[in-house]
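To start, the structure under review is shown below, and the notes come after it.
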Amino acid sequence: MKFSIALSDLENLLKTLAPRPKAADTFTLSACAGRVFVGCKGDIGGIEALVFEDGAVSLPTKKFRELLKTYKGRQSLTVEADAGGLRIGNFQMPVLGYNARAAAPGHFQVFGASIPPSSGTGMPRV
């Protein structure tokens with residue numbers, strides 16, 4: 001699995017679907033069909049992202065949210081994962097499970113992607 005996503009988009013997705021995780025809580029992070037999906041306690045949300053390679057991993061929710069806080073100030077992250085672990089740059093953490101064949105869920109909550117103020121689209125912001 002490999003994808004690039006705006007850090008704020010991934011944080012918002014996790015905050016919405018796992019607002020107050022307990023130490024034992026886990027979630028599924030998957031990438032396919034041009035989206036990144038987060039599945040937690042039966043709820044699934046997805047957001048557009050640049051997906052290079054499909055896949056899905058299971059991770060401890062609280063630890064992953066704490067990890068994302070260490071990247072504060074970054075616009076985007078490139079996340080890679082396989083059976084050996086999840087990687088963001090030089091950092092690596094173990095995964096609880098890995099599946100190379102991720103499939104988009106049939107029903108999920110759609111989250112809008114963040115658009116930076118200087119995106120150069122020429123369109124006025126509403």
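Numbering starts fresh at 1 for the residues of each chain in the structure tokens, the chains themselves are lettered A, B, ... in the order given, and ligands are numbered from 1 as they appear.
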Spatial neighbours of A:Ala100, 8 Å, only C-alpha atoms, chain gap at least 3 places, as a PDB file with N, CA, C and O atoms, in the first residue's frame:
ATOM      1  N   MET A   1       0.847  -1.159   0.000  1.00  0.00           N
ATOM      2  CA  MET A   1       0.000   0.000   0.000  1.00  0.00           C
ATOM      3  C   MET A   1       0.898   1.228   0.000  1.00  0.00           C
ATOM      4  O   MET A   1       1.895   1.278   0.719  1.00  0.00           O
ATOM      5  N   ASP A  54      -2.593  -0.209  -3.958  1.00  0.00           N
ATOM      6  CA  ASP A  54      -3.689  -0.605  -3.075  1.00  0.00           C
ATOM      7  C   ASP A  54      -3.194  -1.431  -1.891  1.00  0.00           C
ATOM      8  O   ASP A  54      -2.156  -2.081  -1.969  1.00  0.00           O
ATOM      9  N   GLY A  55      -3.982  -1.420  -0.828  1.00  0.00           N
ATOM     10  CA  GLY A  55      -3.682  -2.247   0.328  1.00  0.00           C
ATOM     11  C   GLY A  55      -4.455  -1.776   1.539  1.00  0.00           C
ATOM     12  O   GLY A  55      -5.139  -0.748   1.501  1.00  0.00           O
ATOM     13  N   ALA A  56      -4.372  -2.559   2.612  1.00  0.00           N
ATOM     14  CA  ALA A  56      -5.050  -2.223   3.863  1.00  0.00           C
ATOM     15  C   ALA A  56      -4.228  -2.745   5.029  1.00  0.00           C
ATOM     16  O   ALA A  56      -3.622  -3.809   4.943  1.00  0.00           O
ATOM     17  N   ASP A  82       3.231  -2.592   4.271  1.00  0.00           N
ATOM     18  CA  ASP A  82       3.183  -3.971   3.808  1.00  0.00           C
ATOM     19  C   ASP A  82       3.162  -4.846   5.061  1.00  0.00           C
ATOM     20  O   ASP A  82       3.003  -4.331   6.170  1.00  0.00           O
TER      21      ASP A  82
END
So that each row is one residue of stretch 35-86 of chain A with an atom at most 10 Å from stretch 10-23 of chain A, can you give its shortest atom pair and the distance in Å to one decimal, using only C-alpha atoms, rows by chain and rising number, as CSV?
residue,atom,partner,partner_atom,distance
A:Val36,CA,A:Leu10,CA,8.4
A:Phe37,CA,A:Leu13,CA,8.5
A:Val38,CA,A:Leu14,CA,7.1
A:Gly39,CA,A:Leu17,CA,7.6
A:Cys40,CA,A:Leu17,CA,6.3
A:Lys41,CA,A:Ala18,CA,8.4
A:Gly42,CA,A:Leu17,CA,9.5
A:Asp43,CA,A:Leu17,CA,6.7
A:Ile44,CA,A:Leu17,CA,7.4
A:Gly45,CA,A:Leu13,CA,6.8
A:Gly46,CA,A:Leu13,CA,7.7
A:Ile47,CA,A:Leu13,CA,7.9
A:Ala49,CA,A:Leu10,CA,9.7
A:Pro60,CA,A:Ala23,CA,7.6
A:Thr61,CA,A:Pro21,CA,6.3
A:Lys62,CA,A:Pro21,CA,5.6
A:Lys63,CA,A:Ala23,CA,7.9
A:Phe64,CA,A:Leu14,CA,9.4
A:Arg65,CA,A:Glu11,CA,7.5
A:Leu68,CA,A:Glu11,CA,7.2
A:Lys69,CA,A:Glu11,CA,8.6
A:Ser76,CA,A:Leu10,CA,9.2
A:Leu77,CA,A:Leu10,CA,9.2
Leaving out A:Gly85 and any residue of its chain fewer than 4 positions from it, which residues lie within 8 Å of it when counting only C-alpha atoms, given as a ChimeraX atom specification? /A:81,92-95
Residues near A:Lys72, cut-off 10 Å, only C-alpha atoms, skip fewer than 5 positions along chain, as a list in words: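 The filter keeps Leu7, Ser8 and Leu67 of chain A.
Put simply, atom CA of A:Thr78 is 5.6 Å away from atom CA of A:Phe3.
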As a ChimeraX atom specification, list the residues of chain A assigned to strand (DSSP E or B) by DSSP on the backbone atoms of this structure. /A:2-6,26-32,35-40,43-48,50-53,55-60,76-82,85-88,91-93,97-99,109-111
Of the residues A:Ile88, A:Leu96, A:Ala83, A:Ala102, which is the one nearest to A:Gly34, using only C-alpha atoms? A:Ala102
